[in-house]
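Beneath this line is the structure, given in structure tokens, with notes to follow.
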Amino acid sequence: MLNKSIKFLIENKLVAVILLLVFVGWGVVNAPFNWEKARIARGIPRNPVAVDAIPDIGENQQIVFSKWEGRSPQDIEDQITYPLTTSLLGIPGVKTIRSASMFGFSSIYIIFEEDVEFYWSRSRILEKLNSLPAGLLPEGVNPSLGPDATALGQIYWYTLEGRDKEGNVTGGWDLQELRSIQDFYVKYALSSGGGVSEVASIGGYVQEYQIDVNPEKMRQYNVSLQDVVKGVKESNREIGAQTLEINQAEYLVRGLGYVKSIDDIENAVVSSKDFSALKVSDVANVSIGPAARRGILDKEGAEVVGGVVVARNGANPMEVIQNVKDKIASISGGLPSKELTDGTTSQLTIVPFYDRSELIQETLGTLNEALSLEILITIFVIVIMVFNLRASILISGLLPVAVLMVFIAMKIFNVDANIVALSGIAIAIGTMVDVGVILSENIVRHLEENEAELPTNTVVYNATTEVSGAIITAVLTTIISFIPVFTMVGAEGKLFRPLAFTKTMALTASIIVALFLIPPFAASIFKKRETRKNFNLAIQALLILTGIVMIFYGFWIGLILMGLGTAGILKAQNITSEKQHNWLVVGVIATAIVFMLALFWRPLGLDASIFWNVIMVAIICFGLLFVFNLFKSNYTRILHWALANKILFLVFPLAIIIAGFKIMRNTGEEFMPSLNEGSFLLMPTSMPHAGVAE
């Protein structure tokens, strides 16, 4: 079946071309990197893989929050936390329950088994909360389920600030105004963004009606605090009565009583006696003031008001952040403004101070650069060592196509792109190249030994089927070695399973490209064609003109096309031989790759000129290849000496093993990879009982 598929694609090259276009196009659509601005990706719809800076290795956790104002932690523990915890223990799939009782509230953390679906666990908790027996909790205590987010859900923090037309901070807004705008306008607007689980408000003062009773007056009028509370409650409600029919139309009779101002509360009746009413204003002072605060938000030494956007579990953080930014842009025109005493117009503005997309882009940029440099270096080695332009094109083309196919698999299987997952592709590149090298070299050897003058399609088919079994066996051996990684559970599994997946998908993609795409393209590239000299010259001239045009548009590949066109003209005019032509072509490509490596890598730093960076990259690349060739040319002598002096030679690997073991024992250990992307958020900590001012 495998051989029939290979033969079909070799004989039907258009199908192979369509497959290649599908893989490349689909891969660009799903690629996590920011390619919207790249010319090659313009006009292509984007549906990228979900991306984040680091993997979410948190436990499968849900939070039940209960509020009981003014109660001590011991009361909270005895009357809320303990009864709730014992009731929630019976939920299926629960691994453990942790709780915290603090002044005025209780938090219960329910940790489920890893195989329990996130939203299924939430529905089971809600069922249990709705079926709690009456009287289990104190009156007025209503447990609520936390947001459907994980510990890494906080993706966007912002503040509300007054700014002038130039963007300078103006002030002029008090904290109560800002908090009200945040709670009743900004919060609701941002909560409607796709993928947003919650928008939590921070800082400022929450406005409330405050009734300060006078104990002396209450004693004089012989009323209790409960009487005042009852009077306020009964004055703040509406009552629906019967209907009246007037002129064949029904009218609903209602008693309007909702509080709308301080006067409404002051006029509320506490008690009535001897045809006189005792009002709230007679025993208390009513005012508007701030609610008690349990924390503040500080920015550069000044108190501010802001909010935290939390992404929903399973949502694409980059997409959610973009949705939030779009919402901010749409509501900015509706934010209020005021004219200050100095004549400045202060426009309220939403100012971000933590945007995780910056860290994500910087992390992906590091990986994008690393993958690009790795592919360029691999192509450089292939071009020099294989020394066959056509074979080098086949092998080098395998890498980007296989990487794009990995992005397709990540999208299909919902694997997020992060620094660990994408590292699996970097690890697999060496093995991916081996597959292409083995197949291409075998095809070249069969073509050179084709004494029977068999058709090119037949030669390529025979060469492919000869090594296809060995290639699949070799790659499957590597894939199988990663099976234990897939069996990891807990934090280790969440961290390393994506890496194993991307590496496995990269190797699988390399097999698909090598066995099904390289053979038909090899049959087309290596096919002998009789071309007229004038036609060949025209093709090379067109290549040079194309290169000149591409240089004007900023493509460095234009220089390569010009060099290849010039080399082709020299060969067509019989100025250079076949061997000299190969040297010239390989030299042009190698020089171009060295220049691109120097441009992107900059090993000497951005301060050094591009000339010295090119020299440094050339020394590194050609120096390593020189050492490799030196070893290759002297390998036979080294092997003869090693076989003749077995015991003496084995001292070297034994010494390496011992040294490696000792170094491993003295090496520090770290579970998570360290990030140094230039993006940071200062998070100072203090004692839990520190005062608000502190």
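FYI, nothing fancy with the structure tokens labels: chains A, B, ... in order, residues from 1 per chain, ligands from 1 as they appear.
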
Set out as a Markdown table a contact list for stretch 308-426 of chain A and stretch 590-602 of chain A with a cut-off of 8 Å, giving each residue of stretch 308-426 of chain A that qualifies its closest atom pair and distance in Å to one decimal, counting only C-alpha atoms, ordered by chain and rising residue number.
```
| residue | atom | partner | partner_atom | distance |
| --- | --- | --- | --- | --- |
| A:Glu369 | CA | A:Phe600 | CA | 7.7 |
| A:Leu373 | CA | A:Leu597 | CA | 6.6 |
| A:Leu376 | CA | A:Ile593 | CA | 6.5 |
| A:Ile377 | CA | A:Ile593 | CA | 7.8 |
| A:Phe380 | CA | A:Ala590 | CA | 5.9 |
| A:Val383 | CA | A:Ala590 | CA | 7.2 |
| A:Ile384 | CA | A:Ala590 | CA | 7.4 |
```

Write the selection just made, keeping N, CA and C atoms, as a tab-separated table (two decimals), in the first residue's frame?
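Listed below is the output, result_21.tsv:
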```
chain	number	residue	atom	x	y	z
A	369	GLU	N	12.89	33.04	16.06
A	369	GLU	CA	14.27	33.32	15.65
A	369	GLU	C	15.14	32.08	15.76
A	373	LEU	N	16.95	30.38	12.60
A	373	LEU	CA	18.40	30.22	12.55
A	373	LEU	C	18.79	28.76	12.43
A	376	LEU	N	18.22	27.72	8.86
A	376	LEU	CA	19.25	28.30	7.98
A	376	LEU	C	20.58	27.57	8.13
A	377	ILE	N	20.98	27.28	9.38
A	377	ILE	CA	22.24	26.57	9.59
A	377	ILE	C	22.17	25.17	9.00
A	380	PHE	N	22.53	25.41	5.33
A	380	PHE	CA	23.94	25.71	5.02
A	380	PHE	C	24.77	24.42	5.02
A	383	VAL	N	23.80	22.17	1.97
A	383	VAL	CA	24.31	22.66	0.69
A	383	VAL	C	25.80	22.35	0.55
A	384	ILE	N	26.56	22.55	1.63
A	384	ILE	CA	28.01	22.32	1.57
A	384	ILE	C	28.33	20.83	1.51
```

Give me every strand (DSSP E) residue in stretch 311-449 of chain A, going by DSSP on the backbone, as a list in words.
Ala311, Ser337, Lys338, Glu339, Thr345, Ser346, Gln347, Leu348, Thr349, Ile350, Val351, Pro352, Phe353, Tyr354 and Asp355 of chain A

Restrict the selected residues to N, CA and C atoms and save them as a CSV table (one decimal), in the first residue's frame.
```csv
chain,number,residue,atom,x,y,z
A,311,ALA,N,-9.0,35.4,31.6
A,311,ALA,CA,-9.4,34.6,30.4
A,311,ALA,C,-10.1,33.3,30.8
A,337,SER,N,-15.5,62.9,30.1
A,337,SER,CA,-14.4,63.9,30.2
A,337,SER,C,-14.9,65.1,31.0
A,338,LYS,N,-13.9,65.9,31.5
A,338,LYS,CA,-14.3,67.1,32.3
A,338,LYS,C,-13.3,68.1,32.1
A,339,GLU,N,-13.7,69.4,32.2
A,339,GLU,CA,-12.8,70.5,32.1
A,339,GLU,C,-12.3,70.9,33.5
A,345,THR,N,-8.8,70.0,29.3
A,345,THR,CA,-9.8,69.0,29.2
A,345,THR,C,-9.2,67.6,29.5
A,346,SER,N,-9.8,67.0,30.6
A,346,SER,CA,-9.2,65.7,31.0
A,346,SER,C,-10.2,64.6,30.5
A,347,GLN,N,-9.6,63.8,29.6
A,347,GLN,CA,-10.4,62.7,29.0
A,347,GLN,C,-10.0,61.4,29.7
A,348,LEU,N,-11.0,60.7,30.3
A,348,LEU,CA,-10.8,59.4,30.9
A,348,LEU,C,-10.3,58.4,29.9
A,349,THR,N,-9.2,57.7,30.3
A,349,THR,CA,-8.5,56.8,29.3
A,349,THR,C,-8.2,55.5,30.0
A,350,ILE,N,-8.4,54.4,29.3
A,350,ILE,CA,-8.0,53.1,29.8
A,350,ILE,C,-6.5,52.8,29.4
A,351,VAL,N,-5.7,52.7,30.5
A,351,VAL,CA,-4.2,52.6,30.3
A,351,VAL,C,-3.8,51.2,30.8
A,352,PRO,N,-3.3,50.3,29.9
A,352,PRO,CA,-2.8,49.0,30.3
A,352,PRO,C,-1.5,49.1,31.1
A,353,PHE,N,-1.3,48.3,32.1
A,353,PHE,CA,0.0,48.3,32.7
A,353,PHE,C,0.6,46.8,32.8
A,354,TYR,N,-0.2,45.9,32.5
A,354,TYR,CA,0.3,44.5,32.3
A,354,TYR,C,-0.5,43.9,31.1
A,355,ASP,N,0.2,43.6,30.1
A,355,ASP,CA,-0.4,43.0,28.8
A,355,ASP,C,0.4,41.8,28.5
```

Long-range neighbours of stretch 287-292 of chain A as a PyMOL selection string, 10 Å cut-off, only C-alpha atoms, 5 positions minimum in chain
chain A and resi 175-176+204-212+261-263+265-266

Create the file for the chosen residues now, containing C-alpha atoms and written as a compact mmCIF listing (two decimals), in the first residue's frame.
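Full text of out36.txt as output:
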```
# COMPACT_ATOMS: atom_id res chain seq x y z
CA LEU A 175 -11.33 57.62 43.29
CA GLN A 176 -15.07 57.23 43.87
CA GLY A 204 -10.86 53.29 44.54
CA TYR A 205 -13.92 53.66 46.72
CA VAL A 206 -17.18 51.76 46.27
CA GLN A 207 -20.02 54.23 46.80
CA GLU A 208 -22.67 53.35 49.37
CA TYR A 209 -25.33 54.99 51.55
CA GLN A 210 -24.13 55.20 55.15
CA ILE A 211 -26.37 55.64 58.21
CA ASP A 212 -24.52 56.78 61.34
CA SER A 261 -31.63 59.74 47.28
CA ILE A 262 -30.43 60.53 50.80
CA ASP A 263 -33.75 62.29 51.48
CA ILE A 265 -33.64 57.32 53.60
CA GLU A 266 -33.86 60.27 55.99
```

Contacts of A:Ala329 at 12 Å or less, counting only C-alpha atoms, minus same-chain residues fewer than 6 places along, as a short mmCIF file (atom, residue, chain, number, x, y, z; two decimals) with C-alpha atoms, in the first residue's frame?
```cif
data_model
loop_
_atom_site.label_atom_id
_atom_site.label_comp_id
_atom_site.auth_asym_id
_atom_site.auth_seq_id
_atom_site.Cartn_x
_atom_site.Cartn_y
_atom_site.Cartn_z
CA VAL A 186 -15.99 49.58 31.67
CA ALA A 189 -18.26 46.28 28.31
CA LEU A 190 -15.02 44.28 28.65
CA GLY A 193 -15.39 40.28 24.96
CA GLN A 322 -7.08 41.19 21.15
CA ASN A 323 -10.83 40.99 21.84
CA LEU A 335 -15.77 57.48 28.45
CA THR A 349 -8.54 56.80 29.33
CA ILE A 350 -8.00 53.07 29.80
CA VAL A 351 -4.24 52.58 30.27
#
```

Which neighbours of A:Ile471 fall inside 8 Å, counting only C-alpha atoms, when residues of the same chain fewer than 4 positions from it are skipped, and could you give them as a list of chain:residue names?
A:Val435, A:Val467, A:Val475, A:Ile511

Pick out the residues sitting within 12 Å of A:Glu11, and hand them over as a list in words; count only C-alpha atoms, and ignore anything fewer than 4 positions along from it in its own chain.
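The residues that qualify are Lys4, Ser5, Ile6, Lys7, Val15, Ala16, Pro455, Thr456, Asn457, Thr458, Val460, Tyr461, Phe516, Leu517, Pro519, Pro520, Phe521, Ala522, Ala523 and Ser524 of chain A.
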